[in-house]
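Participant: coords12.txt is the file, holding compact mmCIF, C-alpha atoms and all ligand atoms:
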```txt
# COMPACT_ATOMS: atom_id res chain seq x y z
CA MET A 282 31.49 -5.18 -31.43
CA ASN A 283 29.34 -2.33 -30.07
CA ILE A 284 26.72 -2.31 -27.35
CA ASN A 285 23.54 -0.28 -27.11
CA GLU A 286 25.06 2.59 -25.15
CA ASN A 287 21.65 3.88 -24.18
CA PHE A 288 21.71 1.24 -21.44
CA LEU A 289 24.60 3.12 -19.86
CA LYS A 290 22.32 6.11 -19.30
CA LEU A 291 20.09 4.11 -16.93
CA LYS A 292 20.21 5.19 -13.33
CA ALA A 293 21.02 2.56 -10.70
CA GLY A 294 19.13 -0.74 -10.94
CA TYR A 295 15.49 -1.30 -11.78
CA LEU A 296 13.53 -0.18 -8.70
CA PHE A 297 12.25 -3.51 -7.38
CA PRO A 298 15.51 -5.49 -7.68
CA GLU A 299 17.18 -2.48 -6.02
CA ILE A 300 14.74 -2.74 -3.10
CA GLY A 301 15.36 -6.51 -3.05
CA ARG A 302 19.12 -5.88 -2.75
CA ARG A 303 18.66 -3.45 0.12
CA VAL A 304 16.32 -5.85 1.92
CA SER A 305 18.80 -8.74 1.46
CA GLY A 306 21.56 -6.57 2.91
CA TRP A 307 19.36 -5.83 5.89
CA THR A 308 18.38 -9.49 6.44
CA GLU A 309 22.04 -10.56 6.34
CA ALA A 310 22.89 -7.94 8.93
CA ASN A 311 19.83 -8.73 11.08
CA PRO A 312 19.32 -12.52 11.03
CA ASP A 313 17.46 -12.39 14.36
CA LYS A 314 14.76 -10.08 12.95
CA THR A 315 14.36 -11.65 9.50
CA SER A 316 11.39 -13.82 10.43
CA LYS A 317 9.41 -10.70 11.33
CA LEU A 318 9.85 -9.14 7.88
CA ILE A 319 6.62 -8.30 5.99
CA ARG A 320 6.90 -7.31 2.36
CA CYS A 321 4.52 -4.60 1.14
CA GLY A 322 6.90 -3.33 -1.53
CA ILE A 323 6.40 -4.81 -4.99
CA GLY A 324 2.76 -5.30 -5.89
CA ASP A 325 2.92 -9.07 -6.02
CA VAL A 326 -0.20 -11.08 -5.26
CA THR A 327 -0.20 -13.50 -2.34
CA GLU A 328 -3.50 -15.36 -2.63
CA PRO A 329 -3.66 -18.69 -4.49
CA LEU A 330 -4.98 -18.93 -8.03
CA PRO A 331 -8.78 -19.16 -8.32
CA GLN A 332 -10.04 -22.74 -8.42
CA ALA A 333 -11.70 -22.17 -11.81
CA VAL A 334 -8.33 -21.11 -13.24
CA ARG A 335 -6.55 -24.12 -11.78
CA ASP A 336 -9.21 -26.52 -13.07
CA ALA A 337 -8.97 -25.03 -16.57
CA MET A 338 -5.18 -25.22 -16.55
CA HIS A 339 -5.19 -28.84 -15.31
CA ALA A 340 -7.63 -29.79 -18.07
CA ALA A 341 -5.48 -28.02 -20.65
CA VAL A 342 -2.36 -29.84 -19.47
CA ASP A 343 -4.25 -33.12 -19.80
CA GLU A 344 -5.27 -32.17 -23.34
CA GLN A 345 -1.59 -31.64 -24.10
CA GLY A 346 -0.99 -35.21 -22.92
CA GLU A 347 -3.28 -36.82 -25.52
CA ARG A 348 -2.42 -37.16 -29.21
CA ASP A 349 -5.94 -36.14 -30.30
CA THR A 350 -6.07 -32.95 -28.27
CA PHE A 351 -2.39 -32.01 -28.22
CA ARG A 352 -1.63 -28.50 -29.56
CA GLY A 353 1.72 -27.19 -30.77
CA TYR A 354 2.30 -23.55 -31.71
CA GLY A 355 -0.83 -21.50 -31.24
CA PRO A 356 -1.76 -18.27 -32.98
CA GLU A 357 0.82 -15.61 -31.99
CA GLN A 358 -2.00 -13.17 -31.24
CA GLY A 359 -3.72 -15.60 -28.87
CA TYR A 360 -6.46 -18.20 -29.15
CA ASP A 361 -9.91 -17.07 -30.26
CA PHE A 362 -11.51 -18.56 -27.14
CA LEU A 363 -9.58 -16.05 -25.00
CA ARG A 364 -9.80 -13.05 -27.34
CA ASP A 365 -13.56 -13.57 -27.66
CA ALA A 366 -14.00 -13.93 -23.89
CA ILE A 367 -12.05 -10.71 -23.29
CA VAL A 368 -14.16 -8.70 -25.71
CA GLU A 369 -17.41 -10.12 -24.38
CA ASN A 370 -16.52 -9.58 -20.72
CA GLN A 371 -14.29 -6.51 -20.72
CA PHE A 372 -15.21 -4.44 -23.75
CA ALA A 373 -18.91 -5.13 -24.35
CA GLY A 374 -20.47 -2.16 -26.11
CA LEU A 375 -17.09 -0.44 -26.59
CA ASN A 376 -16.69 -1.29 -30.25
CA ILE A 377 -13.60 -3.46 -29.81
CA SER A 378 -13.34 -6.65 -31.86
CA ALA A 379 -11.52 -9.84 -30.90
CA ASP A 380 -8.86 -9.35 -33.57
CA GLU A 381 -7.91 -6.04 -31.95
CA VAL A 382 -6.83 -7.94 -28.81
CA PHE A 383 -3.27 -9.32 -28.69
CA ILE A 384 -2.55 -11.85 -25.95
CA SER A 385 0.91 -11.77 -24.38
CA ASP A 386 2.82 -12.92 -21.34
CA GLY A 387 2.72 -9.64 -19.45
CA SER A 388 1.97 -5.93 -19.50
CA LYS A 389 5.49 -5.07 -18.39
CA CYS A 390 6.74 -6.65 -21.63
CA ASP A 391 3.95 -5.11 -23.72
CA THR A 392 4.45 -1.57 -22.43
CA GLY A 393 8.16 -1.90 -23.15
CA ASN A 394 7.88 -3.73 -26.47
CA ILE A 395 5.35 -1.30 -27.91
CA LEU A 396 8.21 1.11 -28.59
CA ASP A 397 9.34 -1.22 -31.39
CA ILE A 398 6.60 0.17 -33.62
CA PHE A 399 7.30 3.87 -32.99
CA GLY A 400 10.05 5.81 -34.68
CA HIS A 401 12.76 7.96 -33.21
CA GLY A 402 12.35 11.62 -32.51
CA ASN A 403 8.92 11.30 -30.90
CA LYS A 404 8.30 13.51 -27.88
CA ILE A 405 7.43 11.22 -24.99
CA ALA A 406 5.31 12.43 -22.07
CA ILE A 407 5.27 10.48 -18.83
CA THR A 408 3.66 11.18 -15.50
CA ASP A 409 5.86 11.75 -12.47
CA PRO A 410 5.76 9.61 -10.31
CA VAL A 411 5.45 6.72 -12.76
CA TYR A 412 5.81 2.96 -13.21
CA PRO A 413 9.56 2.92 -13.97
CA VAL A 414 9.26 0.60 -16.98
CA TYR A 415 7.92 3.40 -19.18
CA VAL A 416 10.96 5.58 -18.54
CA ASP A 417 13.63 2.89 -18.64
CA THR A 418 12.39 1.35 -21.88
CA ASN A 419 12.47 4.77 -23.54
CA VAL A 420 16.02 5.25 -22.30
CA MET A 421 16.99 1.84 -23.71
CA ALA A 422 15.33 2.71 -27.04
CA GLY A 423 17.38 5.89 -27.34
CA ASN A 424 14.42 8.22 -26.93
CA THR A 425 16.12 10.30 -24.24
CA GLY A 426 19.33 12.09 -23.50
CA ASP A 427 21.21 11.71 -20.22
CA ALA A 428 19.71 11.97 -16.77
CA ASP A 429 20.37 15.04 -14.66
CA GLU A 430 21.31 14.96 -10.97
CA ASN A 431 17.63 14.46 -10.03
CA GLY A 432 17.32 11.48 -12.34
CA ALA A 433 15.22 13.36 -14.94
CA TYR A 434 16.09 12.39 -18.52
CA GLU A 435 16.71 15.03 -21.12
CA GLY A 436 14.09 14.93 -23.86
CA LEU A 437 11.22 13.46 -21.82
CA ILE A 438 8.22 15.60 -20.93
CA TYR A 439 7.53 15.02 -17.24
CA LEU A 440 3.92 15.56 -16.15
CA PRO A 441 3.94 16.15 -12.39
CA CYS A 442 1.22 14.33 -10.46
CA THR A 443 0.77 15.99 -7.12
CA ALA A 444 -1.70 16.14 -4.27
CA GLU A 445 -2.83 19.49 -5.72
CA ASN A 446 -3.87 18.02 -9.07
CA GLY A 447 -5.23 14.80 -7.51
CA PHE A 448 -2.36 12.89 -9.15
CA VAL A 449 -3.85 13.40 -12.60
CA PRO A 450 -1.51 15.58 -14.67
CA ALA A 451 -2.52 18.85 -16.24
CA ILE A 452 -2.72 18.84 -20.03
CA PRO A 453 0.67 20.11 -21.27
CA SER A 454 1.00 23.29 -23.26
CA GLU A 455 3.62 21.71 -25.54
CA LYS A 456 3.05 18.94 -28.08
CA ALA A 457 3.75 15.35 -27.09
CA ASP A 458 3.60 12.41 -29.52
CA LEU A 459 3.32 9.53 -27.07
CA ILE A 460 1.68 9.87 -23.67
CA TYR A 461 1.79 7.19 -20.99
CA LEU A 462 -1.21 7.21 -18.65
CA CYS A 463 -1.93 4.55 -16.02
CA TYR A 464 -5.30 4.57 -14.21
CA PRO A 465 -6.08 3.31 -11.63
CA ASN A 466 -2.62 4.63 -11.04
CA ASN A 467 0.52 2.87 -10.10
CA PRO A 468 2.08 4.09 -7.81
CA THR A 469 -0.38 6.61 -6.30
CA GLY A 470 -3.46 4.37 -6.28
CA THR A 471 -5.59 7.27 -7.54
CA THR A 472 -8.03 7.35 -10.47
CA ALA A 473 -8.87 9.64 -13.38
CA THR A 474 -12.43 10.82 -13.95
CA ARG A 475 -14.27 10.59 -17.26
CA GLU A 476 -13.84 14.36 -17.79
CA GLN A 477 -10.10 14.14 -17.20
CA LEU A 478 -9.73 11.29 -19.67
CA GLU A 479 -11.92 13.15 -22.17
CA ALA A 480 -9.51 16.08 -21.93
CA TRP A 481 -6.56 13.76 -22.62
CA VAL A 482 -8.27 12.18 -25.62
CA ALA A 483 -9.09 15.64 -26.98
CA TYR A 484 -5.44 16.68 -26.50
CA ALA A 485 -4.16 13.52 -28.19
CA LYS A 486 -6.47 14.01 -31.17
CA ALA A 487 -5.58 17.68 -31.52
CA ASN A 488 -1.85 16.85 -31.44
CA ASP A 489 -1.83 13.65 -33.48
CA ALA A 490 -0.56 11.93 -30.37
CA ILE A 491 -1.06 8.38 -29.11
CA ILE A 492 -2.05 7.59 -25.53
CA LEU A 493 -0.51 4.42 -24.12
CA TYR A 494 -3.12 3.59 -21.49
CA ASP A 495 -2.11 1.09 -18.84
CA ALA A 496 -5.26 -0.30 -17.23
CA ALA A 497 -3.60 -3.18 -15.36
CA TYR A 498 -5.51 -2.25 -12.19
CA GLU A 499 -8.99 -1.68 -13.67
CA ALA A 500 -10.50 -4.61 -11.77
CA PHE A 501 -9.97 -2.73 -8.50
CA VAL A 502 -12.24 0.19 -9.43
CA GLN A 503 -15.13 0.32 -6.97
CA ASP A 504 -16.69 3.63 -8.04
CA SER A 505 -18.96 3.02 -11.04
CA THR A 506 -18.45 6.55 -12.39
CA ILE A 507 -14.71 5.93 -12.96
CA PRO A 508 -13.92 4.64 -16.48
CA ARG A 509 -12.24 1.25 -16.56
CA SER A 510 -11.10 1.53 -20.15
CA ILE A 511 -9.86 4.43 -22.26
CA PHE A 512 -12.20 3.11 -24.96
CA GLU A 513 -15.15 4.29 -22.88
CA ILE A 514 -14.10 7.75 -24.04
CA GLU A 515 -15.38 8.87 -27.41
CA GLY A 516 -12.58 9.30 -29.93
CA ALA A 517 -10.11 7.07 -28.06
CA HIS A 518 -10.23 4.45 -30.84
CA ASP A 519 -8.33 6.95 -32.98
CA CYS A 520 -5.66 7.83 -30.44
CA ALA A 521 -5.16 5.12 -27.81
CA ILE A 522 -3.68 1.72 -27.13
CA GLU A 523 -4.71 -0.07 -23.93
CA PHE A 524 -2.74 -2.56 -21.86
CA ARG A 525 -4.48 -5.02 -19.55
CA SER A 526 -3.23 -7.85 -17.40
CA PHE A 527 -4.42 -10.96 -15.58
CA SER A 528 -1.66 -10.48 -12.98
CA LYS A 529 -3.47 -8.51 -10.36
CA ASN A 530 -7.10 -9.62 -10.81
CA GLY A 531 -6.58 -13.32 -11.51
CA GLY A 532 -3.38 -13.61 -9.46
CA PHE A 533 -1.27 -14.37 -12.57
CA THR A 534 1.99 -12.67 -11.55
CA GLY A 535 3.66 -16.07 -11.60
CA VAL A 536 1.51 -17.56 -14.39
CA ARG A 537 1.95 -14.67 -16.88
CA CYS A 538 -0.84 -13.51 -19.17
CA ALA A 539 -1.85 -10.06 -20.39
CA TYR A 540 -3.15 -8.35 -23.51
CA THR A 541 -2.88 -5.21 -25.57
CA VAL A 542 -5.81 -3.67 -27.43
CA ILE A 543 -5.03 -1.77 -30.62
CA PRO A 544 -8.03 -0.56 -32.62
CA LYS A 545 -7.73 -1.05 -36.35
CA THR A 546 -8.64 2.59 -36.86
CA LEU A 547 -5.47 3.74 -35.10
CA THR A 548 -2.77 5.14 -37.35
CA ALA A 549 0.52 6.99 -37.09
CA THR A 550 2.54 8.47 -39.92
CA THR A 551 5.75 7.76 -41.83
CA SER A 552 8.39 10.48 -42.13
CA THR A 553 6.69 11.52 -45.35
CA GLY A 554 3.31 11.83 -43.70
CA GLU A 555 1.69 8.60 -44.94
CA PRO A 556 -0.72 7.07 -42.38
CA VAL A 557 0.11 3.49 -41.35
CA SER A 558 -2.02 1.17 -39.23
CA LEU A 559 -0.47 0.58 -35.81
CA HIS A 560 -2.54 -2.59 -35.52
CA SER A 561 -0.78 -4.08 -38.54
CA LEU A 562 2.66 -3.03 -37.31
CA TRP A 563 2.03 -4.57 -33.88
CA ASN A 564 0.62 -7.69 -35.52
CA ARG A 565 3.80 -7.98 -37.59
CA ARG A 566 5.99 -7.39 -34.55
CA HIS A 567 4.07 -9.86 -32.40
CA ALA A 568 4.17 -12.57 -35.06
CA THR A 569 7.90 -12.11 -35.55
CA LYS A 570 9.10 -11.83 -31.98
CA PHE A 571 6.52 -13.86 -30.02
CA ASN A 572 5.07 -17.34 -30.38
CA GLY A 573 2.00 -16.85 -28.24
CA ALA A 574 1.30 -17.32 -24.53
CA SER A 575 1.17 -20.95 -23.50
CA TYR A 576 -2.04 -22.86 -24.15
CA PRO A 577 -2.71 -23.92 -20.51
CA VAL A 578 -2.15 -20.33 -19.40
CA GLN A 579 -4.63 -19.00 -21.96
CA ARG A 580 -7.18 -21.59 -20.83
CA GLY A 581 -6.60 -20.44 -17.26
CA ALA A 582 -7.05 -16.81 -18.28
CA ALA A 583 -10.31 -17.57 -20.09
CA ALA A 584 -11.59 -19.28 -16.93
CA VAL A 585 -11.38 -15.91 -15.14
CA PHE A 586 -14.52 -15.05 -17.15
CA SER A 587 -16.49 -18.21 -16.30
CA PRO A 588 -19.27 -17.71 -13.71
CA GLU A 589 -17.17 -19.45 -11.02
CA GLY A 590 -14.04 -17.58 -12.11
CA LYS A 591 -15.82 -14.23 -11.88
CA ALA A 592 -17.04 -14.96 -8.36
CA GLN A 593 -13.59 -16.13 -7.27
CA VAL A 594 -11.87 -13.08 -8.78
CA SER A 595 -14.40 -10.79 -7.06
CA ALA A 596 -13.50 -12.42 -3.75
CA LEU A 597 -9.80 -11.78 -4.41
CA ILE A 598 -10.43 -8.13 -5.25
CA GLU A 599 -12.57 -7.77 -2.13
CA HIS A 600 -9.78 -9.30 -0.07
CA TYR A 601 -7.08 -6.94 -1.38
CA MET A 602 -9.33 -3.88 -1.21
CA GLY A 603 -10.19 -4.84 2.38
CA ASN A 604 -6.45 -4.82 3.05
CA ALA A 605 -6.14 -1.41 1.40
CA ALA A 606 -8.90 -0.01 3.64
CA LEU A 607 -7.12 -1.28 6.76
CA LEU A 608 -3.79 0.19 5.63
CA ARG A 609 -5.38 3.54 4.83
CA GLN A 610 -7.03 3.66 8.23
CA ALA A 611 -3.85 2.70 10.10
CA CYS A 612 -1.87 5.43 8.34
CA GLN A 613 -4.58 8.00 8.97
CA ASP A 614 -4.77 7.00 12.64
CA ALA A 615 -1.01 7.51 12.81
CA GLY A 616 -1.57 11.10 11.64
CA LEU A 617 -0.26 10.54 8.10
CA THR A 618 -1.85 12.00 4.98
CA VAL A 619 -3.08 9.20 2.73
CA PHE A 620 -4.10 8.98 -0.94
CA GLY A 621 -5.29 6.14 -3.15
CA GLY A 622 -6.28 2.70 -1.91
CA GLU A 623 -10.00 3.20 -2.61
CA ASN A 624 -10.14 2.11 -6.25
CA ALA A 625 -6.66 0.60 -6.48
CA PRO A 626 -4.53 -1.77 -4.44
CA TYR A 627 -1.88 0.84 -3.60
CA VAL A 628 -1.92 3.27 -0.71
CA TRP A 629 0.19 6.40 -1.27
CA VAL A 630 1.28 8.02 1.96
CA GLN A 631 2.97 11.32 2.68
CA CYS A 632 6.15 10.88 4.71
CA PRO A 633 6.18 12.45 8.16
CA ASP A 634 7.87 15.87 8.34
CA GLY A 635 11.61 15.74 7.96
CA VAL A 636 11.77 12.20 6.52
CA ASP A 637 12.42 11.64 2.83
CA SER A 638 11.11 8.61 0.99
CA TRP A 639 14.26 6.43 1.19
CA GLY A 640 14.53 7.56 4.81
CA MET A 641 11.01 6.23 5.32
CA PHE A 642 11.98 3.00 3.58
CA ASP A 643 14.87 2.58 6.06
CA LYS A 644 12.72 3.56 9.04
CA MET A 645 9.96 1.10 8.16
CA LEU A 646 12.51 -1.65 7.56
CA GLU A 647 14.59 -1.05 10.68
CA GLU A 648 11.91 -0.06 13.16
CA ALA A 649 8.88 -2.00 11.88
CA GLN A 650 10.43 -4.71 9.67
CA VAL A 651 8.00 -3.73 6.92
CA VAL A 652 9.14 -3.27 3.31
CA ILE A 653 7.48 -0.38 1.50
CA THR A 654 8.36 1.34 -1.77
CA PRO A 655 9.93 4.79 -1.55
CA GLY A 656 8.09 7.33 -3.66
CA ALA A 657 11.33 8.73 -5.09
CA GLY A 658 11.89 5.37 -6.78
CA PHE A 659 8.99 6.28 -9.09
CA GLY A 660 10.34 9.70 -10.04
CA ALA A 661 11.31 13.05 -8.57
CA ALA A 662 7.70 14.02 -7.81
CA GLY A 663 7.39 10.86 -5.71
CA GLU A 664 9.82 12.28 -3.18
CA GLY A 665 8.13 12.83 0.17
CA TYR A 666 5.80 9.85 -0.29
CA PHE A 667 5.88 6.10 0.12
CA ARG A 668 3.71 3.36 -1.35
CA ILE A 669 2.23 0.46 0.60
CA SER A 670 0.99 -2.47 -1.44
CA SER A 671 -2.16 -4.14 -0.20
CA PHE A 672 -1.27 -7.42 -1.91
CA ASN A 673 -0.79 -9.53 1.17
CA THR A 674 -2.54 -11.89 3.56
CA ARG A 675 -5.04 -10.35 5.97
CA GLU A 676 -2.89 -11.46 8.95
CA ASN A 677 0.17 -9.68 7.57
CA VAL A 678 -1.79 -6.51 6.84
CA GLN A 679 -3.25 -6.49 10.34
CA GLU A 680 0.25 -6.91 11.73
CA VAL A 681 1.56 -4.08 9.51
CA CYS A 682 -1.23 -1.87 10.86
CA ARG A 683 -0.23 -2.69 14.46
CA ARG A 684 3.39 -1.89 13.69
CA ILE A 685 2.48 1.42 12.03
CA ALA A 686 0.50 2.34 15.17
CA ALA A 687 3.50 1.46 17.35
CA LEU A 688 6.04 3.51 15.34
C1 LIG B 1 4.57 -2.76 -8.83
O1 LIG B 1 4.81 -3.13 -7.68
O2 LIG B 1 4.63 -1.59 -9.18
C2 LIG B 1 4.19 -3.81 -9.80
O3 LIG B 1 4.11 -5.05 -9.21
C3 LIG B 1 5.16 -3.89 -10.86
C4 LIG B 1 4.67 -4.68 -12.01
O4 LIG B 1 3.47 -4.97 -12.13
O5 LIG B 1 5.52 -5.00 -12.82
```
Would you mind writing the file's structure down as structure tokens?
Ligand code: MLT
Facilitator:
Amino acid sequence: MNINENFLKLKAGYLFPEIGRRVSGWTEANPDKTSKLIRCGIGDVTEPLPQAVRDAMHAAVDEQGERDTFRGYGPEQGYDFLRDAIVENQFAGLNISADEVFISDGSKCDTGNILDIFGHGNKIAITDPVYPVYVDTNVMAGNTGDADENGAYEGLIYLPCTAENGFVPAIPSEKADLIYLCYPNNPTGTTATREQLEAWVAYAKANDAIILYDAAYEAFVQDSTIPRSIFEIEGAHDCAIEFRSFSKNGGFTGVRCAYTVIPKTLTATTSTGEPVSLHSLWNRRHATKFNGASYPVQRGAAAVFSPEGKAQVSALIEHYMGNAALLRQACQDAGLTVFGGENAPYVWVQCPDGVDSWGMFDKMLEEAQVVITPGAGFGAAGEGYFRISSFNTRENVQEVCRRIAAL
């Protein structure tokens, strides 16, 4: 009986459970300080679900309690009421149809599962720093060799995102087949301009590559010149897949609902060069391995697009972006160099001289009782930075700001 030995190549634990373990160790050793702990590590929402979402979910649960309105298995790809609402509200004028939208229970799963439809031997390009799921799922799928002493996996193309390039990677000189881009970016909280995305689409088309575009944070974009979808870029329908989520806008981290958009025009080739529709492969995969997100959850997700839902989601975004502004200011006042946090809920901060990112994690935990995420946890180029999540209550954020000032 063999195992998938690719799992043995993975470095340490997945970042957020690893942080959780370290924080638990600290709380056990410091029971007197535990009540002061404020978590700004994982980007998990804190504010309650919008009323419109709750009302829709309650009504859907009641429907499930009546013989006449009870529903069993739904369509694996999602109910039309939600797919239609997504297209109407998120992709109007972008030439996306409802049957190109696949509803799921999360973008983490989707960005990992998408590898099912791609073959082996593809050259994978990922930004550095990066949401660790993209790397780890490629390791699990056998798309990499071993990691070196810096944690970089053989076979991956790392695209450094630095302060110098505004955290948007330069177009590589070599050919990649799959490129992961996430904008607004996790972890740096920065955005890509239309011109930068146009350059990536042009590169993907010239190289027969596919862009896996993670737009989980699009709702936080405040600047109207910043694209919210890769499909705003001409030509993207032939070279991109987009991932979106209800987690961060609708507060669904505990409810679970997301979607993946795959245009029907998108193809990749067999080993003999025959083009095959990625939409039909994903449809086949989804129908085989997934039975659809739950009905009450999909009703709740659709309510995000009702007039009340839109107003309530806007208030949530305003709340978290208000937190981000406070955190940015507090770090700047403390003399730190700050990025992001203007069109995304993450603030990316340069560590003070002489402190590395896990050192900063320890310092913030021990001296301020604040949990942050060390930049190195997102990749080698994240060293020297730390991420503060603005997903928190206003009181906690104000307290974090006071503690940063007192450090
Ligand atoms: C993060 O903190 O990076 C996110 O919460 C992770 C996720 O969305 O899975």
Participant: Which protein, DNA or RNA residues have an atom within 7 Å of ligand LIG 1 (chain B), counting all atoms listed in the file, as a list in words?
Facilitator: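 Final answer, ordered by chain and number: Gly322, Ile323, Gly324, Asp325, Lys389, Tyr412, Asn467 and Pro468 of chain A.
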Participant: Quick one: distance from atom CA of A:Gly436 to atom CA of A:Ile407 in Å, one decimal?
Facilitator: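 That distance, rounded to one decimal, is 11.1 Å.
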Participant: Hey, could you make a per-residue contact list for stretch 379-422 of chain A against stretch 557-574 of chain A with 8 Å as the cut-off, showing the nearest pair of atoms and its distance in Å to one decimal, counting all atoms listed in the file, sorted by chain and number, as CSV?
Facilitator:
```
residue,atom,partner,partner_atom,distance
A:Glu381,CA,A:His560,CA,7.3
A:Ile384,CA,A:Ala574,CA,6.8
A:Ser385,CA,A:Ala574,CA,5.6
A:Asp386,CA,A:Ala574,CA,5.6
A:Ile395,CA,A:Trp563,CA,7.6
A:Asp397,CA,A:Arg566,CA,7.7
A:Ile398,CA,A:Leu562,CA,6.3
```
Participant: Go through A:Pro413, A:Gly635, A:Pro508, A:Gly470 one by one, measure the shortest atom-to-atom distance of each to A:Ile669 using only C-alpha atoms, and give the residue with the smallest value.
Facilitator: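 That would be A:Gly470, the residue with the smallest distance to A:Ile669.
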Participant: How many Å separate atom CA of A:Val542 from atom CA of A:Ala592?
Facilitator: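 Going from atom CA of A:Val542 over to atom CA of A:Ala592 covers 24.8 Å.
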Participant: From the options A:Cys321, A:Ile507, A:Leu440, A:Ala687, which residue's atoms come nearest to A:Ala605, counting only C-alpha atoms?
Facilitator: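 Closest candidate: A:Cys321.
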Participant: I'd like the contact shell of A:Asn624 - 8 Å cut-off, all atoms listed in the file, skipping same-chain residues fewer than 2 positions apart - returned as an MDAnalysis selection string.
Facilitator: chainID A and resid 465 470:472 501:504 602 621:622 626
Participant: Include C-alpha atoms and write out the residues we just selected as an mmCIF file, keeping the file's coordinate frame.
Facilitator:
```cif
data_model
loop_
_atom_site.group_PDB
_atom_site.id
_atom_site.type_symbol
_atom_site.label_atom_id
_atom_site.label_comp_id
_atom_site.auth_asym_id
_atom_site.auth_seq_id
_atom_site.Cartn_x
_atom_site.Cartn_y
_atom_site.Cartn_z
ATOM 1 C CA PRO A 465 -6.080 3.310 -11.630
ATOM 2 C CA GLY A 470 -3.460 4.370 -6.280
ATOM 3 C CA THR A 471 -5.590 7.270 -7.540
ATOM 4 C CA THR A 472 -8.030 7.350 -10.470
ATOM 5 C CA PHE A 501 -9.970 -2.730 -8.500
ATOM 6 C CA VAL A 502 -12.240 0.190 -9.430
ATOM 7 C CA GLN A 503 -15.130 0.320 -6.970
ATOM 8 C CA ASP A 504 -16.690 3.630 -8.040
ATOM 9 C CA MET A 602 -9.330 -3.880 -1.210
ATOM 10 C CA GLY A 621 -5.290 6.140 -3.150
ATOM 11 C CA GLY A 622 -6.280 2.700 -1.910
ATOM 12 C CA PRO A 626 -4.530 -1.770 -4.440
#
```
Participant: If you count all atoms listed in the file, which residues fall within 12 Å of A:Ile300, apart from same-chain ones fewer than 2 positions away, as number ranges by chain?
Facilitator: A: 293-298, 302-307, 320-323, 639, 642-643, 646, 652-655, 658
Participant: Between A:Ser454, A:Asn311, A:Gln679, A:Thr443, which residue has the minimum interatomic distance to A:Gly665, considering only C-alpha atoms?
Facilitator: A:Thr443
Participant: Could you give me, as a tab-separated table (two decimals) with C-alpha atoms, in the coordinates of the input, the residues within 12 Å of A:Pro588, counting all atoms listed in the file and dropping anything in the same chain fewer than 4 positions from it?
Facilitator:
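After the write, part14.tsv holds the following:
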```tsv
chain	number	residue	atom	x	y	z
A	331	PRO	CA	-8.78	-19.16	-8.32
A	332	GLN	CA	-10.04	-22.74	-8.42
A	333	ALA	CA	-11.70	-22.17	-11.81
A	334	VAL	CA	-8.33	-21.11	-13.24
A	370	ASN	CA	-16.52	-9.58	-20.72
A	583	ALA	CA	-10.31	-17.57	-20.09
A	584	ALA	CA	-11.59	-19.28	-16.93
A	592	ALA	CA	-17.04	-14.96	-8.36
A	593	GLN	CA	-13.59	-16.13	-7.27
A	594	VAL	CA	-11.87	-13.08	-8.78
A	595	SER	CA	-14.40	-10.79	-7.06
```
